[in-house]
Structure formats: structure tokens, C-alpha cells
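Structure data (compact mmCIF, C-alpha atoms and all ligand atoms) from upload-v4.txt:
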```txt
# COMPACT_ATOMS: atom_id res chain seq x y z
CA MET A 304 62.12 -42.61 21.42
CA ARG A 305 63.15 -42.14 25.04
CA ILE A 306 62.22 -38.45 24.98
CA ARG A 307 58.85 -39.27 23.38
CA ALA A 308 58.18 -41.78 26.15
CA ILE A 309 59.08 -39.27 28.84
CA ILE A 310 56.86 -36.62 27.28
CA THR A 311 53.96 -39.07 27.13
CA VAL A 312 54.39 -39.96 30.79
CA VAL A 313 54.61 -36.33 31.86
CA LYS A 314 51.60 -35.38 29.76
CA LYS A 315 49.61 -38.25 31.23
CA GLN A 316 50.67 -37.16 34.69
CA LEU A 317 49.57 -33.63 33.88
CA MET A 318 46.21 -34.71 32.51
CA MET A 319 45.59 -36.94 35.51
CA THR A 320 46.37 -34.10 37.84
CA ILE A 321 44.16 -31.81 35.81
CA GLU A 322 41.26 -34.17 36.43
CA ASN A 323 41.83 -35.20 40.02
CA GLU A 324 43.15 -34.28 43.37
CA THR A 325 43.82 -31.35 45.61
CA GLN A 326 47.42 -31.41 46.85
CA MET A 327 49.94 -29.30 44.96
CA SER A 328 52.41 -31.77 43.50
CA PRO A 329 52.67 -33.15 39.98
CA ALA A 330 51.31 -36.48 41.11
CA ASN A 331 48.44 -35.01 43.03
CA VAL A 332 47.02 -31.60 42.24
CA ASP A 333 43.74 -29.79 41.80
CA MET A 334 43.95 -28.74 38.21
CA GLN A 335 40.72 -26.84 38.34
CA CYS A 336 43.38 -24.37 39.26
CA ARG A 337 46.29 -24.64 36.87
CA ILE A 338 48.52 -22.58 39.12
CA VAL A 339 51.36 -24.73 40.45
CA PRO A 340 54.22 -23.98 42.85
CA ALA A 341 57.73 -23.36 41.51
CA HIS A 342 59.12 -26.68 42.76
CA ALA A 343 61.74 -28.62 40.83
CA GLU A 344 59.23 -31.30 39.83
CA TRP A 345 56.82 -28.77 38.34
CA LEU A 346 59.66 -26.97 36.59
CA ASP A 347 60.49 -30.29 34.94
CA VAL A 348 56.89 -30.72 33.82
CA ALA A 349 56.91 -27.16 32.46
CA ALA A 350 60.26 -27.66 30.71
CA THR A 351 58.98 -30.84 29.08
CA LEU A 352 55.85 -29.04 27.94
CA LEU A 353 58.02 -26.31 26.37
CA ARG A 354 60.28 -28.82 24.63
CA SER A 355 57.27 -30.69 23.28
CA GLY A 356 55.76 -27.60 21.63
CA ASN A 357 53.39 -26.36 24.34
CA ILE A 358 52.97 -23.04 26.13
CA VAL A 359 53.56 -22.36 29.82
CA ALA A 360 53.15 -19.22 31.95
CA PHE A 361 56.01 -18.35 34.30
CA PRO A 362 57.13 -15.50 36.56
CA THR A 363 59.82 -12.96 35.74
CA GLU A 364 60.95 -9.95 37.76
CA THR A 365 58.93 -7.61 35.50
CA VAL A 366 55.62 -9.36 34.75
CA TYR A 367 54.49 -12.97 34.13
CA GLY A 368 55.40 -14.31 30.67
CA LEU A 369 53.64 -16.79 28.39
CA GLY A 370 56.46 -18.94 27.02
CA ALA A 371 57.07 -21.25 24.07
CA ASN A 372 60.17 -22.69 22.39
CA ALA A 373 61.46 -19.76 20.29
CA LEU A 374 62.83 -22.18 17.68
CA ASP A 375 59.46 -23.87 17.09
CA GLU A 376 57.04 -21.93 14.88
CA ALA A 377 54.00 -24.09 15.71
CA ALA A 378 54.61 -23.66 19.45
CA VAL A 379 54.99 -19.88 19.08
CA ALA A 380 51.73 -19.76 17.11
CA LYS A 381 49.99 -21.04 20.26
CA ILE A 382 51.11 -17.89 22.12
CA PHE A 383 49.53 -15.62 19.50
CA ALA A 384 46.33 -17.68 19.60
CA ALA A 385 46.10 -17.71 23.41
CA LYS A 386 46.66 -13.96 23.67
CA GLY A 387 44.62 -12.91 20.65
CA ARG A 388 47.78 -11.03 19.66
CA PRO A 389 48.15 -9.50 16.19
CA SER A 390 50.78 -11.43 14.23
CA ASN A 391 52.66 -8.22 13.39
CA ASN A 392 53.72 -7.72 17.03
CA PRO A 393 57.07 -9.49 17.68
CA LEU A 394 57.92 -11.42 20.87
CA ILE A 395 60.89 -11.16 23.22
CA VAL A 396 63.20 -14.21 23.41
CA HIS A 397 64.31 -15.10 26.95
CA VAL A 398 67.71 -16.69 27.58
CA SER A 399 69.38 -18.02 30.73
CA SER A 400 72.83 -16.54 30.02
CA PRO A 401 74.48 -13.92 27.78
CA ASP A 402 76.42 -16.86 26.28
CA ASN A 403 73.21 -18.17 24.72
CA VAL A 404 72.34 -15.00 22.80
CA GLU A 405 74.53 -15.90 19.81
CA GLU A 406 72.16 -18.78 19.10
CA VAL A 407 69.34 -16.35 18.33
CA ALA A 408 70.96 -12.97 17.54
CA VAL A 409 74.12 -11.25 16.31
CA VAL A 410 75.84 -9.88 19.41
CA THR A 411 77.48 -6.50 18.94
CA ASP A 412 80.00 -4.78 21.24
CA ARG A 413 77.34 -2.38 22.48
CA ALA A 414 75.06 -5.33 23.29
CA ARG A 415 77.87 -7.10 25.14
CA ALA A 416 78.57 -4.04 27.28
CA LEU A 417 74.89 -3.62 28.19
CA MET A 418 74.45 -7.32 29.00
CA ALA A 419 77.49 -7.20 31.29
CA GLU A 420 76.02 -4.24 33.16
CA PHE A 421 72.28 -4.95 33.29
CA TRP A 422 71.71 -8.71 32.87
CA PRO A 423 70.04 -10.52 34.38
CA GLY A 424 67.51 -7.69 34.47
CA PRO A 425 64.66 -5.72 32.90
CA LEU A 426 66.42 -4.71 29.67
CA THR A 427 65.47 -6.16 26.26
CA LEU A 428 67.98 -5.66 23.43
CA VAL A 429 66.75 -5.57 19.83
CA LEU A 430 69.50 -7.11 17.65
CA PRO A 431 69.84 -8.60 14.16
CA LYS A 432 68.24 -12.06 14.28
CA ARG A 433 69.65 -15.47 13.36
CA ASP A 434 67.75 -17.86 11.10
CA THR A 435 67.29 -20.33 13.96
CA VAL A 436 64.55 -18.13 15.46
CA ALA A 437 61.03 -19.01 14.31
CA SER A 438 59.87 -16.30 11.92
CA ASN A 439 56.61 -15.61 13.81
CA VAL A 440 58.67 -14.66 16.91
CA THR A 441 59.99 -11.63 15.03
CA ALA A 442 56.77 -11.02 13.06
CA GLY A 443 58.76 -11.83 9.93
CA GLY A 444 61.28 -9.05 10.67
CA ALA A 445 65.08 -9.15 10.57
CA THR A 446 65.55 -8.22 14.25
CA VAL A 447 64.88 -10.00 17.52
CA GLY A 448 64.37 -8.71 21.08
CA VAL A 449 66.38 -10.70 23.67
CA ARG A 450 66.51 -10.57 27.43
CA MET A 451 67.81 -12.53 30.43
CA PRO A 452 65.26 -12.18 33.24
CA ALA A 453 66.38 -11.63 36.85
CA HIS A 454 64.14 -14.29 38.33
CA ALA A 455 65.47 -17.61 39.64
CA VAL A 456 62.34 -19.51 38.53
CA ALA A 457 62.44 -18.12 34.99
CA LEU A 458 66.16 -18.87 34.65
CA GLU A 459 65.77 -22.39 36.04
CA LEU A 460 62.89 -23.08 33.65
CA ILE A 461 64.89 -21.90 30.61
CA VAL A 462 67.90 -24.00 31.68
CA ARG A 463 65.74 -27.10 32.16
CA ALA A 464 63.92 -26.54 28.86
CA GLY A 465 67.28 -26.23 27.10
CA VAL A 466 65.81 -23.88 24.48
CA PRO A 467 65.43 -20.10 24.21
CA VAL A 468 61.92 -19.14 25.34
CA ALA A 469 59.81 -16.62 23.42
CA ALA A 470 57.46 -14.92 25.86
CA PRO A 471 55.17 -11.90 25.79
CA SER A 472 53.34 -10.82 28.92
CA ALA A 473 50.82 -13.52 29.91
CA ASN A 474 47.62 -11.53 29.35
CA ARG A 475 45.08 -11.13 26.57
CA SER A 476 46.35 -8.62 24.01
CA GLN A 477 46.00 -4.94 25.04
CA GLN A 478 45.09 -5.75 28.65
CA VAL A 479 47.02 -4.94 31.80
CA SER A 480 50.07 -7.23 32.25
CA PRO A 481 49.93 -9.83 35.07
CA THR A 482 52.08 -9.40 38.16
CA LEU A 483 50.60 -12.38 40.06
CA ALA A 484 49.90 -15.97 38.96
CA GLN A 485 46.19 -15.38 39.67
CA HIS A 486 46.19 -12.47 37.15
CA VAL A 487 47.34 -14.91 34.44
CA LEU A 488 44.52 -17.28 35.27
CA ASP A 489 42.01 -14.40 35.32
CA SER A 490 43.20 -13.18 31.93
CA LEU A 491 43.97 -16.37 29.98
CA GLY A 492 41.96 -19.04 31.82
CA ASP A 493 41.67 -22.17 29.73
CA HIS A 494 44.09 -20.90 27.12
CA VAL A 495 47.13 -21.83 29.20
CA PRO A 496 47.69 -25.38 30.53
CA LEU A 497 50.13 -24.52 33.32
CA ILE A 498 50.99 -21.40 35.35
CA ILE A 499 54.05 -21.52 37.58
CA ASP A 500 53.55 -19.41 40.69
CA GLY A 501 56.54 -17.25 41.59
CA GLY A 502 54.66 -14.77 43.80
CA ALA A 503 54.45 -11.06 43.02
CA CYS A 504 56.77 -9.67 40.33
CA LYS A 505 59.32 -7.39 42.01
CA VAL A 506 59.54 -4.73 39.27
CA GLY A 507 55.91 -4.79 38.15
CA LEU A 508 56.29 -3.03 34.77
CA GLU A 509 57.58 -4.55 31.51
CA SER A 510 61.27 -4.35 30.57
CA THR A 511 62.93 -1.42 28.83
CA VAL A 512 63.09 -2.28 25.09
CA LEU A 513 66.22 -0.86 23.46
CA ASP A 514 66.81 -0.95 19.70
CA LEU A 515 70.51 -1.47 18.97
CA THR A 516 70.16 -2.01 15.22
CA SER A 517 70.93 1.57 14.19
CA ASP A 518 73.81 3.92 14.99
CA ARG A 519 71.94 5.65 17.73
CA ALA A 520 70.52 3.36 20.42
CA THR A 521 66.79 4.03 20.75
CA ILE A 522 64.41 3.21 23.58
CA LEU A 523 61.22 1.76 22.08
CA ARG A 524 59.56 1.16 25.45
CA PRO A 525 60.69 2.79 28.73
CA GLY A 526 61.15 0.49 31.73
CA ALA A 527 63.10 0.17 34.96
CA ILE A 528 66.49 0.55 33.23
CA SER A 529 66.63 4.24 32.31
CA ALA A 530 68.00 6.11 29.30
CA ALA A 531 70.62 7.73 31.56
CA GLN A 532 71.87 4.34 32.81
CA ILE A 533 72.13 3.00 29.25
CA SER A 534 73.76 6.16 27.99
CA ALA A 535 76.39 5.97 30.76
CA VAL A 536 77.42 2.45 29.68
CA LEU A 537 77.46 3.23 25.95
CA CYS A 538 79.15 6.61 26.46
CA ALA A 539 76.70 7.88 23.84
CA PRO A 540 73.32 9.58 23.79
CA VAL A 541 70.19 7.41 23.67
CA SER A 542 67.01 8.40 21.83
CA LEU A 543 63.75 8.35 23.74
CA PRO A 544 60.28 7.79 22.36
CA THR A 545 58.62 11.15 21.72
CA ALA A 546 55.00 12.00 20.99
CA THR A 547 55.88 12.79 17.36
CA SER A 548 57.77 9.51 16.87
CA GLN A 549 54.79 7.44 18.09
CA THR A 550 53.50 6.58 14.64
CA THR A 551 56.88 5.30 13.44
CA GLN A 552 57.35 3.56 16.79
CA ALA A 553 54.08 1.74 16.31
CA LEU A 554 55.43 0.28 13.09
CA ARG A 555 58.84 -0.61 14.51
CA SER A 556 57.45 -1.95 17.75
CA PRO A 557 53.74 -2.63 17.46
CA GLY A 558 53.51 -3.16 21.22
CA MET A 559 53.88 0.61 21.37
CA MET A 560 50.29 0.99 20.17
CA ARG A 561 48.67 3.99 21.72
CA ARG A 562 46.04 2.11 23.75
CA HIS A 563 47.65 -0.75 25.64
CA TYR A 564 47.97 -1.98 29.20
CA ALA A 565 44.40 -0.75 29.63
CA PRO A 566 41.61 -1.76 32.05
CA ASN A 567 37.98 -1.87 30.82
CA THR A 568 36.89 0.97 33.12
CA PRO A 569 37.63 4.40 31.60
CA VAL A 570 40.89 5.88 32.93
CA VAL A 571 41.44 9.62 33.37
CA ILE A 572 44.85 11.13 34.21
CA THR A 573 44.72 14.52 35.92
CA SER A 574 46.78 16.82 38.12
CA ALA A 575 43.61 17.64 40.10
CA PRO A 576 42.01 14.29 41.02
CA SER A 577 39.42 15.58 43.48
CA GLN A 578 38.15 18.21 41.01
CA GLU A 579 37.95 15.56 38.30
CA ALA A 580 36.09 13.25 40.71
CA ALA A 581 33.24 15.78 40.91
CA LEU A 582 32.55 15.15 37.20
CA HIS A 583 31.87 11.43 37.75
CA ILE A 584 29.17 9.46 39.55
CA ALA A 585 31.21 6.93 41.55
CA PRO A 586 34.88 7.16 40.64
CA ALA A 587 37.83 5.31 42.15
CA LEU A 588 41.04 7.29 42.63
CA ILE A 589 44.72 6.35 42.45
CA VAL A 590 46.96 9.03 43.93
CA TRP A 591 50.58 9.32 45.01
CA SER A 592 50.92 12.69 46.79
CA SER A 593 49.98 13.15 50.44
CA THR A 594 47.88 16.22 49.53
CA SER A 595 45.67 14.11 47.28
CA ALA A 596 45.64 11.21 49.71
CA ASN A 597 44.31 13.51 52.44
CA ASN A 598 41.64 15.01 50.21
CA ARG A 599 39.06 12.28 49.74
CA PRO A 600 36.14 13.27 47.45
CA GLU A 601 32.75 12.30 48.93
CA ASN A 602 31.55 10.39 45.88
CA ALA A 603 34.74 8.28 45.59
CA THR A 604 34.22 4.54 45.94
CA GLU A 605 37.87 4.12 46.84
CA VAL A 606 41.02 6.23 47.14
CA ILE A 607 44.25 4.26 46.84
CA CYS A 608 47.48 6.05 47.66
CA LEU A 609 50.18 4.11 45.79
CA SER A 610 53.54 5.67 46.57
CA ALA A 611 55.63 8.78 46.06
CA ASN A 612 58.48 6.42 45.12
CA ALA A 613 58.49 5.42 41.43
CA SER A 614 59.73 1.83 41.98
CA GLU A 615 57.20 1.14 44.70
CA TYR A 616 54.46 2.72 42.56
CA SER A 617 55.45 0.53 39.57
CA TYR A 618 55.43 -2.59 41.72
CA ARG A 619 51.83 -1.99 42.82
CA LEU A 620 50.24 -0.28 39.81
CA TYR A 621 48.98 -3.21 37.69
CA ALA A 622 47.51 -5.13 40.63
CA VAL A 623 45.64 -2.01 41.75
CA LEU A 624 44.34 -1.30 38.22
CA ARG A 625 43.01 -4.86 38.05
CA GLN A 626 41.49 -4.58 41.52
CA LEU A 627 39.66 -1.35 40.67
CA ASP A 628 38.60 -2.68 37.28
CA ASN A 629 36.73 -5.43 39.15
CA THR A 630 34.65 -2.94 41.17
CA ASN A 631 31.66 -0.92 39.98
CA ALA A 632 33.66 2.31 39.77
CA SER A 633 32.41 4.50 36.90
CA ALA A 634 35.94 5.70 36.17
CA ILE A 635 39.48 5.28 37.47
CA ILE A 636 40.93 8.73 38.09
CA ILE A 637 44.71 8.72 38.36
CA GLU A 638 46.75 11.59 39.73
CA GLU A 639 49.40 12.67 37.22
CA VAL A 640 52.84 11.44 38.35
CA PRO A 641 55.97 13.62 38.53
CA GLY A 642 57.77 14.55 35.29
CA SER A 643 61.23 13.35 36.43
CA PRO A 644 63.12 10.55 34.58
CA GLU A 645 62.54 7.81 37.18
CA TRP A 646 58.80 8.07 36.45
CA ALA A 647 59.21 7.66 32.65
CA ALA A 648 57.95 4.04 32.48
CA VAL A 649 54.97 4.77 34.75
CA ARG A 650 54.04 7.87 32.70
CA ASP A 651 54.21 5.80 29.52
CA ARG A 652 51.93 3.03 30.88
CA LEU A 653 49.43 5.52 32.35
CA ARG A 654 49.24 7.36 29.02
CA ARG A 655 48.48 4.10 27.23
CA ALA A 656 45.98 2.96 29.87
CA SER A 657 44.04 6.20 29.40
CA ALA A 658 44.17 6.35 25.58
CA PRO A 659 40.74 6.21 23.93
CA ARG A 660 39.66 2.97 22.26
CA GLU A 661 40.53 2.98 18.56
O1 LIG B 1 59.30 -7.45 30.79
C1 LIG B 1 59.00 -7.88 29.69
O2 LIG B 1 59.52 -7.46 28.63
C2 LIG B 1 57.93 -8.99 29.62
C3 LIG B 1 58.49 -10.24 30.29
C4 LIG B 1 57.58 -11.44 30.15
O3 LIG B 1 59.77 -10.52 29.79
N1 LIG B 1 57.57 -9.25 28.27
C5 LIG B 1 56.81 -8.38 27.56
O4 LIG B 1 56.51 -8.83 26.27
O5 LIG B 1 56.41 -7.32 27.98
P1 LIG B 1 55.43 -8.14 25.36
O6 LIG B 1 55.32 -9.04 24.18
O7 LIG B 1 54.21 -7.89 26.13
O8 LIG B 1 56.12 -6.82 24.91
C6 LIG B 1 57.24 -6.90 24.05
C7 LIG B 1 57.49 -5.57 23.43
C8 LIG B 1 56.44 -5.20 22.42
O9 LIG B 1 56.24 -3.80 22.51
C9 LIG B 1 57.07 -5.58 21.10
O10 LIG B 1 56.55 -4.85 20.02
C10 LIG B 1 58.54 -5.25 21.39
O11 LIG B 1 58.73 -5.63 22.73
N2 LIG B 1 59.44 -6.02 20.53
C11 LIG B 1 59.72 -7.34 20.59
N3 LIG B 1 60.57 -7.70 19.63
C12 LIG B 1 60.86 -6.59 18.91
C13 LIG B 1 61.67 -6.30 17.76
N4 LIG B 1 62.35 -7.25 17.14
N5 LIG B 1 61.70 -5.04 17.32
C14 LIG B 1 61.01 -4.07 17.94
N6 LIG B 1 60.22 -4.26 19.04
C15 LIG B 1 60.14 -5.50 19.51
MG MG B 2 52.42 -7.23 26.74
```
This entry written out as C-alpha cells:
Amino acid sequence: MRIRAIITVVKKQLMMTIENETQMSPANVDMQCRIVPAHAEWLDVAATLLRSGNIVAFPTETVYGLGANALDEAAVAKIFAAKGRPSNNPLIVHVSSPDNVEEVAVVTDRARALMAEFWPGPLTLVLPKRDTVASNVTAGGATVGVRMPAHAVALELIVRAGVPVAAPSANRSQQVSPTLAQHVLDSLGDHVPLIIDGGACKVGLESTVLDLTSDRATILRPGAISAAQISAVLCAPVSLPTATSQTTQALRSPGMMRRHYAPNTPVVITSAPSQEAALHIAPALIVWSSTSANNRPENATEVICLSANASEYSYRLYAVLRQLDNTNASAIIIEEVPGSPEWAAVRDRLRRASAPRE
């Protein structure tokens, strides 16, 4: 009864704030904009929304997530609806401590070692699932992806909610993931009641997804934690996604679909951006090398030099793709990035952003 009463009060408060005022506090906010600051009072509102079966967008160190109680099937269904996500694509469950993983998954020795080394952080572990997890979280499968994000706001929200939080990236399915609260609003608009603003995501690309359910650990999606780092902890080789394994990957991890993380403007990846530019009417360019940065094609609407450092490049990439997608550029031409391991996640996302529509 007491919890019901609290939820009703908080909901009323939220609705009132949605309708009224301009100052950013739960009692007084302009809810034309559903972006709210990451203050304790708003985290309580968000936690109550999660516990009462609603969805909330929140920051993590990788990208913004769209969360729901992972134990509540009806709540999780709201995520799929808001994103327009195919129901065969499973969600990652977010926890606030390695101690809470047992509630949702079977923890193996390998998983324990990786959690000790990389959590909190951008590494998702695919493990055998427990029955507590709502079946739509895992797309009906027997495994569940789990991660502990390295973001104080995300962790505080999960603690206050008191439940594991299923969360995909907070964007419409197949679009570029959000790295700012405003991106979430741009992408999901009315489909999400509350977006907690945690500023820009420090990593900027989605977590590494590692399948630990077979003898050989396999990376399903490259991210900031590299195969070499994982291999060093496991003292065993780690399989990487290869071009030939893409079809099987798509079945095991549907988020690995060929076209994904893609802007609406056509994207071309090339080692010779200025030559490619000559083939387009008014292209925008994203480059990383100083040679390309100094060689500005005359017809280019914009030339953005990201960074020759892979982490810095990752941090800025999605925001720049969104920015250029909102201009009249006829194409986004992206200079091919180096082939070294630290660029693996960037190469993967660029390949998907440039894949033809199916
Ligand atoms: O960094 C991230 O991982 C962000 C933040 C919010 O945590 N989340 C994210 O979620 O990128 P999403 O749903 O956009 O991508 C999750 C990926 C998908 O490729 C999905 O197929 C895969 O993880 N995945 C989730 N559970 C899986 C499972 N049980 N088996 C295989 N792949 C799984
Ligand atoms: Mg996503």
C-alpha cells in the first residue's frame, strides 16, 4: 500500500512538472523538455518509475541507455516498443555490483576473473541466464548479457531502483547511439518519459560484448575492452568476429546486423577522401590524419578532423555523425582508420554505418 501511495505521488509530481514550470527540479520543471539533471531527487523519481514498470533513459560511460526492470516482462516490452526494436534482439542487463549478477546469471570462474579486472566498465559478459530474468530480455534465449557500467549516475540509479536494469542504447533501432541527453530526446522524443542528463559519455562507443557460454570466449561486438586485454586475464585465446562469421553472429547476437549505427545520409569509407569527394556534389568529410585534414576538397561542405587517437576518435564519432546527418551534405565521406587493434571497435561501427540498406 505504502509503495503504491509513493508511486502515485511521484507520478503526480512528474505529470505536474510535465505540464508546468521552467526550473529544473522535480517540483518545478519544464517538461516540454524531459531532460532532467542527475540530482538525487530526480534519481529517486527515475528509480520509482523503474520499479513501477516504466522506462527511463540514463547515462553510462559508453552511450545512453533506455532502462526497464529486467525482471518485469511488461516493462521490458515498453523498451522494444519505444525503440522499434525487433523482438529477436536481446538486451543487456545492468547491475550495480558483481555481487548482484547471480540474481540474473550463472557466474563462472572466467566471468568472475573478468569482472574483477574490468568492472565497472565497458565489458558485457554473455552467461547462462536465470529464470528470474524476463524472457523478452533474452529474446527467449538461454543466455543473458550482463554489465556493470562505470558511471556514477547509472550505478546510483540501479542501487536506488533496487532491481537489475535491462537497457539497450537509447535510440530508435538501427540508428546511431546517443552520447548526449539531447541525442536521446532527438531520437526517441515522446517515447521516453524521463531522460537523466549525465553530460557526454566518456567512451562514446557501445561496450565489448563477450560470449562466455562456450569453451572459447568469443567477442560478439568489439568495444573499448580489447581481445588482447581479455585474453591476458583468461590466459587463453579469444575469438574475434570475422567477415565469414557475420551470418552466424547475426543469429547469435542480432545487434550484429550488417547495417546498424547508421545515419540517414549515405556513408562512404575510403582511404582517399579527397578523391572520393570529387565524385559527390556537396559531401561532408570526417578525417583523422593530418594529410587529409590539410587537403580540403573545394566542394566539401565541412571537413571534420576527429583524432589520430582511437579513444578520442570514439568519444567524438557519434556526435559528429549526428551533426553531419542534420546538414544538407549529399554524403558523409569517412577516411579509413588504421588497421591496428585499438581501432577495432571504430572500424566495426564505421563498417556498419556504411553498409547498404537491406
Ligand atoms: O555499452 C553498451 O553496451 C550500451 C549501454 C547502454 O550499456 N548498451 C547497448 O545495448 O549497446 P544494445 O542493446 O544497443 O546492444 C546490445 C548488444 C546487441 O548486439 C545484442 O544483440 C547483444 O548485445 N546481446 C545482448 N544480449 C545478448 C545475448 N544473450 N547473447 C548474445 N548477444 C547479446
Ligand atoms: Mg544499440
Can you pull out the residues contacting His583 in chain A? Cut-off 9 Å, using all atoms listed in the file, and skip same-chain residues under 5 positions away; I want them as a CSV table (one decimal) with C-alpha atoms, keeping the file's coordinate frame.
```csv
chain,number,residue,atom,x,y,z
A,602,ASN,CA,31.6,10.4,45.9
A,603,ALA,CA,34.7,8.3,45.6
A,633,SER,CA,32.4,4.5,36.9
A,634,ALA,CA,35.9,5.7,36.2
```
Kindly provide the residues of chain A that approach ligand LIG 1 (chain B) to within 7 Å, each paired with its closest atom pair and their distance in Å to one decimal, based on only C-alpha atoms and all ligand atoms, listed by chain and increasing number, as a tab-separated table.
```
residue	atom	partner	partner_atom	distance
A:Thr363	CA	B:LIG1	C4	6.2
A:Thr365	CA	B:LIG1	O1	4.7
A:Val366	CA	B:LIG1	C3	5.4
A:Tyr367	CA	B:LIG1	C4	5.3
A:Gly368	CA	B:LIG1	C4	3.6
A:Leu369	CA	B:LIG1	C4	6.9
A:Asn392	CA	B:LIG1	O10	5.0
A:Pro393	CA	B:LIG1	N3	4.4
A:Leu394	CA	B:LIG1	C11	4.5
A:Ile395	CA	B:LIG1	C11	4.8
A:Pro425	CA	B:LIG1	O1	6.0
A:Thr427	CA	B:LIG1	O2	6.5
A:Val429	CA	B:LIG1	N4	5.4
A:Thr441	CA	B:LIG1	N4	5.4
A:Gly444	CA	B:LIG1	N4	6.8
A:Thr446	CA	B:LIG1	N4	4.4
A:Val447	CA	B:LIG1	N4	3.8
A:Gly448	CA	B:LIG1	N3	4.2
A:Pro452	CA	B:LIG1	O3	6.7
A:Ala470	CA	B:LIG1	C4	5.5
A:Pro471	CA	B:LIG1	O6	3.3
A:Ser472	CA	B:LIG1	O7	4.1
A:Leu508	CA	B:LIG1	O1	6.7
A:Glu509	CA	B:LIG1	O1	3.4
A:Ser510	CA	B:LIG1	O1	3.7
A:Thr511	CA	B:LIG1	O2	6.9
A:Val512	CA	B:LIG1	O11	6.0
A:Asp514	CA	B:LIG1	C14	6.8
A:Leu523	CA	B:LIG1	N6	6.8
A:Arg524	CA	B:LIG1	O9	6.7
A:Arg555	CA	B:LIG1	C14	5.3
A:Ser556	CA	B:LIG1	O10	3.8
A:Pro557	CA	B:LIG1	O10	4.4
A:Gly558	CA	B:LIG1	O9	3.1
A:Met559	CA	B:LIG1	O9	5.1
```
If I wrap all listed atoms of range 449-467 of chain A in a box with edges along x, y and z and add 8 Å on each side, what are its centre and edge lengths in Å to one decimal, as JSON?
```
{"center_x": 65.1, "center_y": -18.8, "center_z": 31.7, "size_x": 21.6, "size_y": 32.5, "size_z": 32.0}
```
Skip Thr411 in chain A itself and residues of its chain fewer than 6 positions away, then list as an NGL selection string all residues within 10 Å of it, counting only C-alpha atoms.
-> :A and (405 or 430-431 or 515-516)
So how many Å separate CA of Val407 in chain A and CA of Thr435 in chain A, to one decimal?
-> 6.3 Å
Excluding Ile635 in chain A and residues on its chain fewer than 5 positions from it, collect all residues at most 6 Å away from it, counting only C-alpha atoms, and give them as a list of chain:residue names.
->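 Once the adjacent positions are removed, what remains is A:Val570, A:Pro586, A:Ala587, A:Leu588.
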Distance criterion (only C-alpha atoms): nearest to His342 in chain A out of A:Ala648, A:Val456, A:Leu620, A:Val606 =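 Of A:Ala648, A:Val456, A:Leu620, A:Val606, the one nearest His342 in chain A, counting only C-alpha atoms, is A:Val456.
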Ala473 in chain A environment, 10 Å, all atoms listed in the file, sequence neighbours closer than 6 positions dropped, as a VMD selection string = chain A and resid 359 to 362 366 to 370 382 385 to 386 479 to 482 484 486 to 488 490 to 491 495 498
Would you export the selected residues with C-alpha atoms as an mmCIF file, in the coordinates of the input, please?
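Here's the written file part_5.cif:
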```
data_model
loop_
_atom_site.group_PDB
_atom_site.id
_atom_site.type_symbol
_atom_site.label_atom_id
_atom_site.label_comp_id
_atom_site.auth_asym_id
_atom_site.auth_seq_id
_atom_site.Cartn_x
_atom_site.Cartn_y
_atom_site.Cartn_z
ATOM 1 C CA VAL A 359 53.560 -22.360 29.820
ATOM 2 C CA ALA A 360 53.150 -19.220 31.950
ATOM 3 C CA PHE A 361 56.010 -18.350 34.300
ATOM 4 C CA PRO A 362 57.130 -15.500 36.560
ATOM 5 C CA VAL A 366 55.620 -9.360 34.750
ATOM 6 C CA TYR A 367 54.490 -12.970 34.130
ATOM 7 C CA GLY A 368 55.400 -14.310 30.670
ATOM 8 C CA LEU A 369 53.640 -16.790 28.390
ATOM 9 C CA GLY A 370 56.460 -18.940 27.020
ATOM 10 C CA ILE A 382 51.110 -17.890 22.120
ATOM 11 C CA ALA A 385 46.100 -17.710 23.410
ATOM 12 C CA LYS A 386 46.660 -13.960 23.670
ATOM 13 C CA VAL A 479 47.020 -4.940 31.800
ATOM 14 C CA SER A 480 50.070 -7.230 32.250
ATOM 15 C CA PRO A 481 49.930 -9.830 35.070
ATOM 16 C CA THR A 482 52.080 -9.400 38.160
ATOM 17 C CA ALA A 484 49.900 -15.970 38.960
ATOM 18 C CA HIS A 486 46.190 -12.470 37.150
ATOM 19 C CA VAL A 487 47.340 -14.910 34.440
ATOM 20 C CA LEU A 488 44.520 -17.280 35.270
ATOM 21 C CA SER A 490 43.200 -13.180 31.930
ATOM 22 C CA LEU A 491 43.970 -16.370 29.980
ATOM 23 C CA VAL A 495 47.130 -21.830 29.200
ATOM 24 C CA ILE A 498 50.990 -21.400 35.350
#
```
Pro644 in chain A: which residues within 12 Å, counting all atoms listed in the file, same-chain residues fewer than 2 positions away excluded, as an MDAnalysis selection string?
-> chainID A and resid 525:532 543 613:614 640:642 646:651
Give the answer as one residue: which of A:Cys608, A:Leu346, A:Ala371, A:Ile338 has the shortest atom-to-atom distance to Asn439 in chain A, using all atoms listed in the file?
->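 Result for the nearest residue to Asn439 in chain A: A:Ala371.
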Separation of CA of Gly502 in chain A from CA of Leu483 in chain A in Å | 6.0 Å
Take the point (41.7, 0.5, 36.9) as written in the file and pick out every residue within 7 Å of it, counting only C-alpha atoms; give the list as a VMD selection string.
-> chain A and resid 566 568 570 623 to 628 635
Between CA of Tyr616 in chain A and CA of Arg660 in chain A, what is the distance, to one decimal in Å?
->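 Spanning CA of Tyr616 in chain A to CA of Arg660 in chain A is a straight-line distance of 25.1 Å.
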For range 435-445 of chain A, where the input has fewer atoms than it should, I would like N, CA and C atoms rebuilt and written as a tab-separated table (two decimals), in the coordinates of the input.
```tsv
chain	number	residue	atom	x	y	z
A	435	THR	N	67.83	-19.30	13.06
A	435	THR	CA	67.29	-20.33	13.96
A	435	THR	C	65.94	-19.92	14.56
A	436	VAL	N	65.75	-18.62	14.78
A	436	VAL	CA	64.55	-18.13	15.46
A	436	VAL	C	63.33	-18.30	14.54
A	437	ALA	N	62.25	-18.84	15.10
A	437	ALA	CA	61.03	-19.01	14.31
A	437	ALA	C	60.58	-17.65	13.79
A	438	SER	N	60.11	-17.61	12.54
A	438	SER	CA	59.87	-16.30	11.92
A	438	SER	C	58.68	-15.57	12.56
A	439	ASN	N	57.73	-16.32	13.17
A	439	ASN	CA	56.61	-15.61	13.81
A	439	ASN	C	57.02	-14.92	15.12
A	440	VAL	N	58.17	-15.35	15.71
A	440	VAL	CA	58.67	-14.66	16.91
A	440	VAL	C	58.97	-13.20	16.58
A	441	THR	N	59.55	-12.98	15.40
A	441	THR	CA	59.99	-11.63	15.03
A	441	THR	C	58.98	-10.96	14.08
A	442	ALA	N	57.80	-11.54	13.96
A	442	ALA	CA	56.77	-11.02	13.06
A	442	ALA	C	57.34	-10.88	11.64
A	443	GLY	N	58.19	-11.82	11.29
A	443	GLY	CA	58.76	-11.83	9.93
A	443	GLY	C	59.90	-10.84	9.74
A	444	GLY	N	60.24	-10.09	10.78
A	444	GLY	CA	61.28	-9.05	10.67
A	444	GLY	C	62.69	-9.61	10.81
A	445	ALA	N	63.68	-8.73	10.57
A	445	ALA	CA	65.08	-9.15	10.57
A	445	ALA	C	65.74	-8.95	11.93
```
